[in-house]
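Dumped my_file-v4.pdb below, it's PDB, C-alpha atoms:
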```
ATOM      1  CA  MET A   1     -12.768 -16.440 -23.858
ATOM      2  CA  ALA A   2     -10.262 -17.620 -21.293
ATOM      3  CA  PHE A   3     -11.220 -18.048 -17.651
ATOM      4  CA  ARG A   4      -8.535 -17.494 -15.090
ATOM      5  CA  SER A   5      -9.324 -19.230 -11.841
ATOM      6  CA  ASP A   6      -8.018 -17.014  -9.139
ATOM      7  CA  LEU A   7      -7.772 -16.790  -5.434
ATOM      8  CA  ASP A   8      -9.826 -13.589  -5.245
ATOM      9  CA  SER A   9     -12.916 -15.313  -6.615
ATOM     10  CA  MET A  10     -12.522 -18.301  -4.307
ATOM     11  CA  ILE A  11     -12.180 -16.002  -1.304
ATOM     12  CA  LEU A  12     -15.306 -14.080  -2.297
ATOM     13  CA  ALA A  13     -17.193 -17.337  -2.787
ATOM     14  CA  VAL A  14     -16.242 -18.496   0.699
ATOM     15  CA  LEU A  15     -17.176 -15.160   2.254
ATOM     16  CA  ARG A  16     -20.509 -15.278   0.442
ATOM     17  CA  GLN A  17     -21.384 -18.132   2.804
ATOM     18  CA  GLY A  18     -20.550 -16.002   5.836
ATOM     19  CA  PRO A  19     -17.811 -13.884   7.475
ATOM     20  CA  ALA A  20     -14.530 -15.624   8.165
ATOM     21  CA  HIS A  21     -10.941 -14.894   9.135
ATOM     22  CA  GLY A  22      -7.972 -15.824   6.980
ATOM     23  CA  TYR A  23      -7.281 -19.222   8.506
ATOM     24  CA  GLU A  24     -10.927 -20.194   8.269
ATOM     25  CA  ILE A  25     -10.998 -19.123   4.609
ATOM     26  CA  SER A  26      -8.066 -21.402   3.755
ATOM     27  CA  ILE A  27      -9.726 -24.336   5.554
ATOM     28  CA  ARG A  28     -13.087 -23.763   3.871
ATOM     29  CA  ILE A  29     -11.556 -23.615   0.387
ATOM     30  CA  ARG A  30      -9.890 -26.957   0.974
ATOM     31  CA  MET A  31     -12.918 -28.613   2.576
ATOM     32  CA  VAL A  32     -15.551 -27.379   0.131
ATOM     33  CA  SER A  33     -13.418 -28.437  -2.861
ATOM     34  CA  GLY A  34     -12.980 -31.893  -1.383
ATOM     35  CA  GLU A  35      -9.265 -31.321  -0.789
ATOM     36  CA  VAL A  36      -8.764 -30.720  -4.524
ATOM     37  CA  LEU A  37      -8.050 -27.013  -4.213
ATOM     38  CA  SER A  38      -5.829 -25.463  -1.600
ATOM     39  CA  ALA A  39      -4.886 -21.824  -1.431
ATOM     40  CA  GLY A  40      -1.335 -20.882  -0.537
ATOM     41  CA  GLU A  41      -1.769 -19.513   2.971
ATOM     42  CA  GLY A  42       0.825 -16.829   2.426
ATOM     43  CA  GLN A  43      -1.167 -15.581  -0.568
ATOM     44  CA  ILE A  44      -4.535 -15.325   1.162
ATOM     45  CA  TYR A  45      -3.764 -12.204   3.199
ATOM     46  CA  PRO A  46      -2.339 -10.148   0.322
ATOM     47  CA  ALA A  47      -5.432 -11.137  -1.688
ATOM     48  CA  LEU A  48      -7.701 -10.055   1.175
ATOM     49  CA  HIS A  49      -5.747  -6.804   1.449
ATOM     50  CA  LYS A  50      -6.364  -6.108  -2.220
ATOM     51  CA  LEU A  51     -10.035  -7.066  -2.043
ATOM     52  CA  GLU A  52     -10.509  -4.713   0.874
ATOM     53  CA  ALA A  53      -8.763  -1.882  -0.970
ATOM     54  CA  ASP A  54     -11.071  -2.553  -3.942
ATOM     55  CA  GLY A  55     -14.126  -2.423  -1.677
ATOM     56  CA  CYS A  56     -15.157  -6.044  -2.257
ATOM     57  CA  VAL A  57     -14.697  -7.051   1.384
ATOM     58  CA  GLN A  58     -14.658  -5.267   4.699
ATOM     59  CA  SER A  59     -12.922  -6.291   7.902
ATOM     60  CA  GLU A  60     -13.435  -6.092  11.613
ATOM     61  CA  TRP A  61     -10.833  -6.662  14.329
ATOM     62  CA  GLN A  62     -11.526  -8.998  17.227
ATOM     63  CA  ILE A  63      -9.440  -8.832  20.359
ATOM     64  CA  GLN A  64      -8.529 -12.238  21.735
ATOM     65  CA  GLU A  65      -7.450 -12.752  25.321
ATOM     66  CA  GLY A  66      -3.803 -13.783  25.489
ATOM     67  CA  ARG A  67      -3.460 -14.017  21.705
ATOM     68  CA  PRO A  68      -2.854 -11.645  18.816
ATOM     69  CA  SER A  69      -5.956  -9.910  17.492
ATOM     70  CA  ARG A  70      -7.787 -11.536  14.642
ATOM     71  CA  ARG A  71      -9.363  -9.828  11.644
ATOM     72  CA  THR A  72     -12.664 -11.163  10.332
ATOM     73  CA  TYR A  73     -13.707 -10.405   6.762
ATOM     74  CA  SER A  74     -17.146 -10.149   5.227
ATOM     75  CA  ILE A  75     -18.244  -9.601   1.658
ATOM     76  CA  THR A  76     -19.733  -6.297   0.517
ATOM     77  CA  ASP A  77     -22.380  -5.643  -2.146
ATOM     78  CA  LYS A  78     -19.612  -4.774  -4.575
ATOM     79  CA  GLY A  79     -17.941  -8.081  -3.760
ATOM     80  CA  VAL A  80     -21.181  -9.981  -4.406
ATOM     81  CA  LYS A  81     -21.506  -8.295  -7.805
ATOM     82  CA  SER A  82     -17.894  -9.048  -8.642
ATOM     83  CA  LEU A  83     -18.388 -12.695  -7.658
ATOM     84  CA  GLN A  84     -21.510 -12.962  -9.807
ATOM     85  CA  ASP A  85     -19.549 -11.634 -12.785
ATOM     86  CA  GLU A  86     -16.793 -14.197 -12.198
ATOM     87  CA  VAL A  87     -19.307 -17.045 -11.863
ATOM     88  CA  SER A  88     -20.891 -16.002 -15.128
ATOM     89  CA  LYS A  89     -17.483 -15.982 -16.855
ATOM     90  CA  TRP A  90     -16.695 -19.397 -15.368
ATOM     91  CA  LYS A  91     -19.941 -20.876 -16.665
ATOM     92  CA  SER A  92     -19.193 -19.609 -20.170
ATOM     93  CA  PHE A  93     -15.653 -20.940 -19.987
ATOM     94  CA  ARG A  94     -16.734 -24.326 -18.680
ATOM     95  CA  SER A  95     -19.361 -24.639 -21.364
ATOM     96  CA  ALA A  96     -16.792 -23.850 -24.043
ATOM     97  CA  VAL A  97     -14.274 -26.368 -22.691
ATOM     98  CA  ASP A  98     -16.971 -29.035 -22.348
ATOM     99  CA  SER A  99     -17.850 -28.497 -25.996
ATOM    100  CA  VAL A 100     -14.240 -28.893 -27.096
ATOM    101  CA  PHE A 101     -13.906 -32.060 -25.002
ATOM    102  CA  GLY A 102     -17.136 -33.375 -26.462
ATOM    103  CA  LEU A 103     -18.817 -33.381 -23.084
ATOM    104  CA  GLY A 104     -21.561 -30.934 -23.897
ATOM    105  CA  GLU A 105     -23.548 -29.647 -26.784
ATOM    106  CA  SER A 106     -21.313 -28.361 -29.511
ATOM    107  CA  LYS A 107     -21.934 -24.772 -30.479
ATOM    108  CA  CYS A 108     -20.917 -25.464 -34.067
ATOM    109  CA  GLN A 109     -22.976 -27.500 -36.460
ATOM    110  CA  SER A 110     -20.803 -29.325 -39.013
TER     111      SER A 110
ATOM    112  CA  MET B 111       3.945 -18.189  22.618
ATOM    113  CA  PRO B 112       5.850 -20.524  20.254
ATOM    114  CA  GLU B 113       9.249 -18.963  19.669
ATOM    115  CA  LEU B 114       9.794 -19.924  16.045
ATOM    116  CA  ILE B 115       6.448 -18.432  15.103
ATOM    117  CA  SER B 116       7.233 -15.255  17.066
ATOM    118  CA  GLN B 117      10.557 -14.944  15.245
ATOM    119  CA  TYR B 118       8.862 -15.555  11.901
ATOM    120  CA  VAL B 119       6.382 -12.778  12.625
ATOM    121  CA  LYS B 120       9.230 -10.401  13.523
ATOM    122  CA  ASP B 121      11.030 -11.227  10.268
ATOM    123  CA  LEU B 122       7.824 -10.710   8.314
ATOM    124  CA  LYS B 123       7.197  -7.356   9.969
ATOM    125  CA  SER B 124      10.736  -6.302   9.101
ATOM    126  CA  GLU B 125      10.234  -7.277   5.442
ATOM    127  CA  LEU B 126       6.893  -5.503   5.234
ATOM    128  CA  SER B 127       8.178  -2.332   6.950
ATOM    129  CA  SER B 128      10.556  -1.777   4.047
ATOM    130  CA  GLN B 129       7.644  -1.437   1.626
ATOM    131  CA  MET B 130       4.778   0.030   3.648
ATOM    132  CA  ASN B 131       4.326   2.232   6.675
ATOM    133  CA  PRO B 132       5.293   0.541   9.980
ATOM    134  CA  TYR B 133       1.799   0.736  11.461
ATOM    135  CA  GLU B 134       0.260  -1.187   8.574
ATOM    136  CA  ALA B 135       3.107  -3.718   8.756
ATOM    137  CA  GLN B 136       2.329  -4.194  12.451
ATOM    138  CA  LEU B 137      -1.363  -4.875  11.749
ATOM    139  CA  ILE B 138      -0.591  -7.420   9.027
ATOM    140  CA  SER B 139       2.002  -9.157  11.223
ATOM    141  CA  GLU B 140      -0.490  -9.453  14.049
ATOM    142  CA  GLU B 141      -3.051 -10.994  11.727
ATOM    143  CA  VAL B 142      -0.506 -13.484  10.377
ATOM    144  CA  HIS B 143       0.586 -14.305  13.930
ATOM    145  CA  SER B 144      -2.978 -15.251  14.806
ATOM    146  CA  HIS B 145      -3.196 -17.409  11.664
ATOM    147  CA  LEU B 146       0.043 -19.238  12.427
ATOM    148  CA  LEU B 147      -1.068 -19.971  15.981
ATOM    149  CA  ASP B 148      -4.326 -21.434  14.640
ATOM    150  CA  ARG B 149      -2.358 -23.595  12.190
ATOM    151  CA  TYR B 150       0.099 -24.611  14.933
ATOM    152  CA  GLU B 151      -2.750 -25.744  17.205
ATOM    153  CA  ALA B 152      -4.361 -27.622  14.307
ATOM    154  CA  TYR B 153      -1.155 -29.585  13.631
ATOM    155  CA  GLN B 154      -0.782 -30.337  17.336
ATOM    156  CA  SER B 155      -4.331 -31.661  17.464
ATOM    157  CA  LEU B 156      -3.359 -34.030  14.630
ATOM    158  CA  GLY B 157      -0.592 -35.434  16.795
ATOM    159  CA  SER B 158       2.485 -33.387  15.851
ATOM    160  CA  ASP B 159       4.922 -32.451  18.561
ATOM    161  CA  PRO B 160       5.192 -28.709  19.280
ATOM    162  CA  GLU B 161       8.418 -28.132  17.342
ATOM    163  CA  THR B 162       7.218 -29.998  14.260
ATOM    164  CA  ALA B 163       3.856 -28.221  14.436
ATOM    165  CA  GLU B 164       5.626 -24.850  14.518
ATOM    166  CA  LEU B 165       7.821 -25.714  11.530
ATOM    167  CA  GLU B 166       4.888 -27.050   9.530
ATOM    168  CA  ALA B 167       2.799 -23.968  10.297
ATOM    169  CA  ILE B 168       5.595 -21.695   9.116
ATOM    170  CA  GLN B 169       6.325 -23.791   6.023
ATOM    171  CA  SER B 170       2.675 -23.785   5.009
ATOM    172  CA  PHE B 171       2.789 -19.993   5.036
ATOM    173  CA  GLY B 172       5.988 -19.434   3.075
ATOM    174  CA  LEU B 173       9.130 -17.402   3.616
ATOM    175  CA  PRO B 174       8.689 -13.844   4.946
ATOM    176  CA  ALA B 175      10.325 -12.432   1.815
ATOM    177  CA  GLU B 176       7.873 -14.363  -0.389
ATOM    178  CA  VAL B 177       4.877 -13.138   1.585
ATOM    179  CA  ALA B 178       6.185  -9.557   1.446
ATOM    180  CA  SER B 179       6.629  -9.833  -2.330
ATOM    181  CA  GLU B 180       3.003 -10.980  -2.630
ATOM    182  CA  TYR B 181       1.957  -7.777  -0.894
ATOM    183  CA  LYS B 182       4.106  -5.805  -3.294
ATOM    184  CA  LYS B 183       2.309  -7.409  -6.250
ATOM    185  CA  VAL B 184      -1.101  -6.337  -4.985
ATOM    186  CA  GLU B 185       0.005  -2.891  -3.867
ATOM    187  CA  VAL B 186      -2.694  -0.404  -4.684
ATOM    188  CA  LYS B 187      -1.414   2.894  -6.012
ATOM    189  CA  LYS B 188      -3.116   5.561  -4.020
ATOM    190  CA  GLU B 189      -4.173   8.807  -5.614
ATOM    191  CA  THR B 190      -2.025  11.639  -4.453
ATOM    192  CA  TRP B 191      -2.633  15.339  -4.471
ATOM    193  CA  THR B 192       1.045  16.091  -4.558
ATOM    194  CA  LEU B 193       2.788  17.499  -7.598
ATOM    195  CA  ALA B 194       4.914  15.269  -9.763
ATOM    196  CA  PRO B 195       8.498  16.496 -10.294
ATOM    197  CA  ILE B 196       8.035  17.744 -13.873
ATOM    198  CA  PRO B 197       5.081  20.095 -13.147
ATOM    199  CA  ALA B 198       6.819  21.280  -9.983
ATOM    200  CA  ASN B 199       9.977  22.013 -11.958
ATOM    201  CA  ALA B 200       7.947  23.829 -14.588
ATOM    202  CA  ILE B 201       6.294  26.000 -11.944
ATOM    203  CA  TYR B 202       9.635  26.811 -10.324
ATOM    204  CA  PHE B 203      11.187  27.782 -13.634
ATOM    205  CA  ALA B 204       8.129  29.745 -14.750
ATOM    206  CA  SER B 205       8.012  31.647 -11.453
ATOM    207  CA  PHE B 206      11.540  32.955 -11.923
ATOM    208  CA  ALA B 207      11.017  33.615 -15.624
ATOM    209  CA  PHE B 208       8.007  35.714 -14.602
ATOM    210  CA  VAL B 209      10.145  37.735 -12.190
ATOM    211  CA  ALA B 210      12.954  38.191 -14.694
ATOM    212  CA  PHE B 211      10.740  39.306 -17.548
ATOM    213  CA  PHE B 212       8.603  41.628 -15.444
ATOM    214  CA  GLU B 213      11.489  43.057 -13.486
ATOM    215  CA  ARG B 214      10.493  46.585 -14.202
ATOM    216  CA  LEU B 215       7.023  46.089 -12.762
ATOM    217  CA  PHE B 216       8.497  44.996  -9.432
ATOM    218  CA  LEU B 217      11.233  47.667  -9.371
ATOM    219  CA  GLY B 218      14.070  45.138  -9.492
ATOM    220  CA  ALA B 219      12.938  43.327  -6.347
ATOM    221  CA  LEU B 220      11.736  39.781  -6.218
ATOM    222  CA  ASN B 221       7.972  39.542  -6.076
ATOM    223  CA  LEU B 222       6.995  38.376  -2.603
ATOM    224  CA  PRO B 223       4.232  36.010  -3.764
ATOM    225  CA  VAL B 224       6.738  34.333  -6.084
ATOM    226  CA  VAL B 225       9.196  33.939  -3.238
ATOM    227  CA  ALA B 226       6.421  32.516  -1.031
ATOM    228  CA  LEU B 227       5.518  30.098  -3.822
ATOM    229  CA  TRP B 228       9.140  29.026  -4.039
ATOM    230  CA  PHE B 229       9.120  27.971  -0.396
ATOM    231  CA  ILE B 230       5.585  26.547  -0.213
ATOM    232  CA  LEU B 231       5.811  24.357  -3.327
ATOM    233  CA  PRO B 232       8.206  21.759  -1.833
ATOM    234  CA  ALA B 233       5.524  20.944   0.740
ATOM    235  CA  PHE B 234       3.333  19.739  -2.103
ATOM    236  CA  SER B 235       5.804  18.181  -4.509
ATOM    237  CA  LYS B 236       6.555  14.495  -4.345
ATOM    238  CA  LYS B 237      10.248  14.918  -4.781
ATOM    239  CA  HIS B 238      12.063  18.148  -4.336
ATOM    240  CA  PRO B 239      12.674  19.407  -7.871
ATOM    241  CA  TRP B 240      16.403  19.933  -7.639
ATOM    242  CA  ILE B 241      16.578  20.723 -11.315
ATOM    243  CA  GLY B 242      14.074  23.517 -10.817
ATOM    244  CA  LEU B 243      15.964  24.758  -7.799
ATOM    245  CA  LEU B 244      19.220  24.872  -9.764
ATOM    246  CA  THR B 245      17.804  26.463 -12.886
ATOM    247  CA  GLY B 246      15.706  28.909 -10.882
ATOM    248  CA  SER B 247      18.711  29.956  -8.850
ATOM    249  CA  LEU B 248      20.845  30.390 -11.975
ATOM    250  CA  PHE B 249      18.070  32.421 -13.546
ATOM    251  CA  VAL B 250      17.904  34.745 -10.578
ATOM    252  CA  GLU B 251      21.684  34.988 -10.505
ATOM    253  CA  ILE B 252      22.103  35.766 -14.206
ATOM    254  CA  TYR B 253      19.181  38.116 -14.767
ATOM    255  CA  LEU B 254      18.714  39.852 -11.466
ATOM    256  CA  VAL B 255      21.723  39.724  -9.192
ATOM    257  CA  LEU B 256      24.896  39.734 -11.301
ATOM    258  CA  PRO B 257      24.049  42.886 -13.250
ATOM    259  CA  ARG B 258      23.884  44.795  -9.950
ATOM    260  CA  THR B 259      26.539  43.184  -7.790
ATOM    261  CA  GLY B 260      29.603  41.089  -8.303
ATOM    262  CA  LEU B 261      29.684  37.345  -7.886
ATOM    263  CA  TYR B 262      31.206  37.560  -4.369
ATOM    264  CA  ASP B 263      28.469  39.875  -3.094
ATOM    265  CA  SER B 264      25.703  37.755  -4.487
ATOM    266  CA  LEU B 265      26.953  34.497  -2.926
ATOM    267  CA  PRO B 266      25.505  35.040   0.585
ATOM    268  CA  GLY B 267      22.103  35.674  -0.916
ATOM    269  CA  MET B 268      22.353  32.576  -3.094
ATOM    270  CA  LEU B 269      23.463  30.426  -0.149
ATOM    271  CA  ALA B 270      20.604  31.778   1.938
ATOM    272  CA  PHE B 271      18.267  30.941  -0.908
ATOM    273  CA  TRP B 272      19.539  27.364  -1.082
ATOM    274  CA  ALA B 273      19.444  26.911   2.696
ATOM    275  CA  LEU B 274      15.865  28.162   2.913
ATOM    276  CA  SER B 275      14.861  25.909   0.016
ATOM    277  CA  VAL B 276      16.313  22.850   1.759
ATOM    278  CA  ALA B 277      14.511  23.893   4.943
ATOM    279  CA  SER B 278      11.226  24.210   3.048
ATOM    280  CA  TRP B 279      11.740  20.750   1.560
ATOM    281  CA  ALA B 280      12.311  19.358   5.054
ATOM    282  CA  ILE B 281       9.153  21.070   6.307
ATOM    283  CA  GLY B 282       7.283  19.645   3.324
ATOM    284  CA  TRP B 283       8.541  16.149   4.157
ATOM    285  CA  VAL B 284       7.387  16.501   7.762
ATOM    286  CA  ILE B 285       3.965  17.693   6.582
ATOM    287  CA  ARG B 286       3.557  14.747   4.170
ATOM    288  CA  TYR B 287       4.766  12.202   6.732
ATOM    289  CA  SER B 288       2.510  13.575   9.494
ATOM    290  CA  PHE B 289      -0.473  13.609   7.153
ATOM    291  CA  ALA B 290       0.141   9.986   6.155
ATOM    292  CA  ARG B 291       0.406   8.870   9.787
ATOM    293  CA  PHE B 292      -2.723  10.796  10.747
ATOM    294  CA  LYS B 293      -4.622   9.216   7.859
ATOM    295  CA  ASN B 294      -3.493   5.691   8.793
ATOM    296  CA  ARG B 295      -4.393   6.186  12.441
ATOM    297  CA  ALA B 296      -7.832   7.501  11.471
ATOM    298  CA  ASN B 297      -8.364   4.454   9.223
ATOM    299  CA  SER B 298      -7.369   2.005  11.944
ATOM    300  CA  ARG B 299      -9.572   3.733  14.527
ATOM    301  CA  SER B 300     -12.536   3.386  12.193
ATOM    302  CA  ASN B 301     -12.219  -0.423  12.476
ATOM    303  CA  ARG B 302     -14.462  -1.607  15.253
ATOM    304  CA  PHE B 303     -12.785  -3.586  18.004
ATOM    305  CA  LYS B 304     -14.950  -6.149  19.682
ATOM    306  CA  LYS B 305     -13.978  -8.287  22.618
ATOM    307  CA  GLN B 306     -14.351 -11.928  21.773
TER     308      GLN B 306
END
```
Take the structure I supplied and represent it as structure tokens, if you would.
Amino acid sequence: MAFRSDLDSMILAVLRQGPAHGYEISIRIRMVSGEVLSAGEGQIYPALHKLEADGCVQSEWQIQEGRPSRRTYSITDKGVKSLQDEVSKWKSFRSAVDSVFGLGESKCQS
Amino acid sequence: MPELISQYVKDLKSELSSQMNPYEAQLISEEVHSHLLDRYEAYQSLGSDPETAELEAIQSFGLPAEVASEYKKVEVKKETWTLAPIPANAIYFASFAFVAFFERLFLGALNLPVVALWFILPAFSKKHPWIGLLTGSLFVEIYLVLPRTGLYDSLPGMLAFWALSVASWAIGWVIRYSFARFKNRANSRSNRFKKQ
């Protein structure tokens, strides 16, 4: 089974920790991954748009004095379920790759 | 407001407006504008001069055309209640076949409900079924009009038929456009606005 790491899952994982706007999401992804992962900032908003259309996140506008309005996103129950499914798939994938690399217990007995 | 960022946002809004309704493009542009200003201030706090900070903020986001194409990739096809062209064409053709074959029942006159259907259908069809319009008109011409009058006498009626059909298509377009705008405005009003 192949696991495809994708921006949607990372966004949901960040929002699971608490609501955030797009800029904050990009910063959190970079910081939490220890600067290993960085999401293309131009890709974050289309991904959020799609997640909102799918019902995985919801948004709320905040008016800022003297600045453009900002939209804050939060995860929904459907988003939490979707994230749990992705985490489960990732664990299976990681276990399989570890086995092939000889890092974990092999599933096959020779 | 930093000028380069403002210009970038305008370019982005222009790109997005070509693929989505202008109101949605405006909302996305405003959100991106806020993001770029945050990034700009972050670069300045790291010691960049204003111009460099602006350029770096824009570069980290990508070209407007690239961002717009990302939105195109994730475009969600919305369910529509409008008729696709083929069913609409079939209904047009069937409506005139009905009139032609049951001519006797309607004493040689076009059935009013069928005529009403002819003009109401464009309001609900995604694209005006020009093929249906053409074939329906030819059907009426061949089976109903020509046997009674000559070609010259039937032309005004045919032209009136075409003109009214184009008018009904235009009305249908206005209805669909107004409905879409109303729906988008209702969706944006349902977002809560809080003062920060």
Please evaluate the PyMOL selection byres ((chain A and resi 59) around 6) against the displayed coordinates and give the resulting residues as a ChimeraX atom specification. /A:58,60,72-73
Pick from A:Gly55, A:Pro19, A:Gly102, A:Pro68, whichever lies nearest to chain B using all atoms listed in the file: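 Of the candidates, the smallest distance to chain B is held by A:Pro68.
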Show me, as a PyMOL selection string, the residues that have an atom within 12 Å of Leu83 in chain A when counting all atoms listed in the file, minus same-chain residues fewer than 5 positions from it. chain A and resi 5-16+51+56-57+75-78+88-90
Based on the selection just made, write C-alpha atoms of those residues as a compact mmCIF listing (two decimals), keeping the file's coordinate frame.
```
# COMPACT_ATOMS: atom_id res chain seq x y z
CA SER A 5 -9.32 -19.23 -11.84
CA ASP A 6 -8.02 -17.01 -9.14
CA LEU A 7 -7.77 -16.79 -5.43
CA ASP A 8 -9.83 -13.59 -5.24
CA SER A 9 -12.92 -15.31 -6.62
CA MET A 10 -12.52 -18.30 -4.31
CA ILE A 11 -12.18 -16.00 -1.30
CA LEU A 12 -15.31 -14.08 -2.30
CA ALA A 13 -17.19 -17.34 -2.79
CA VAL A 14 -16.24 -18.50 0.70
CA LEU A 15 -17.18 -15.16 2.25
CA ARG A 16 -20.51 -15.28 0.44
CA LEU A 51 -10.04 -7.07 -2.04
CA CYS A 56 -15.16 -6.04 -2.26
CA VAL A 57 -14.70 -7.05 1.38
CA ILE A 75 -18.24 -9.60 1.66
CA THR A 76 -19.73 -6.30 0.52
CA ASP A 77 -22.38 -5.64 -2.15
CA LYS A 78 -19.61 -4.77 -4.58
CA SER A 88 -20.89 -16.00 -15.13
CA LYS A 89 -17.48 -15.98 -16.86
CA TRP A 90 -16.70 -19.40 -15.37
```
Go through chain A and flag each residue having an atom no more than 9 Å from chain B; for those, report the closest pair of atoms plus their distance in Å to one decimal, using all atoms listed in the file, ordered by chain and rising number, as CSV.
```
residue,atom,partner,partner_atom,distance
A:His21,CA,B:His145,CA,8.5
A:Gly22,CA,B:His145,CA,6.9
A:Tyr23,CA,B:His145,CA,5.5
A:Glu24,CA,B:His145,CA,8.9
A:Gly40,CA,B:Phe171,CA,7.0
A:Glu41,CA,B:Phe171,CA,5.0
A:Gly42,CA,B:Phe171,CA,4.5
A:Gln43,CA,B:Glu180,CA,6.5
A:Tyr45,CA,B:Val142,CA,8.0
A:Pro46,CA,B:Tyr181,CA,5.1
A:Ala47,CA,B:Val184,CA,7.3
A:His49,CA,B:Val184,CA,7.9
A:Lys50,CA,B:Val184,CA,5.9
A:Ala53,CA,B:Val186,CA,7.3
A:Asp54,CA,B:Val186,CA,8.7
A:Ser59,CA,B:Asn301,CA,7.5
A:Glu60,CA,B:Asn301,CA,5.9
A:Trp61,CA,B:Phe303,CA,5.2
A:Gln62,CA,B:Lys304,CA,5.1
A:Ile63,CA,B:Lys305,CA,5.1
A:Gln64,CA,B:Gln306,CA,5.8
A:Glu65,CA,B:Gln306,CA,7.8
A:Arg67,CA,B:Ser144,CA,7.0
A:Pro68,CA,B:Ser144,CA,5.4
A:Ser69,CA,B:Glu140,CA,6.5
A:Arg70,CA,B:Glu141,CA,5.6
A:Arg71,CA,B:Glu141,CA,6.4
```
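CA of Leu156 in chain B to CA of Ile115 in chain B spans 18.4 Å [interatomic distance, one decimal].
The gap separating CA of Ser82 in chain A from CA of Phe101 in chain A is 28.5 Å, in Å to one decimal.
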So the first atom is CA of Gly66 in chain A and the second is CA of Pro112 in chain B; what is the distance between them in Å, to one decimal place? 12.9 Å
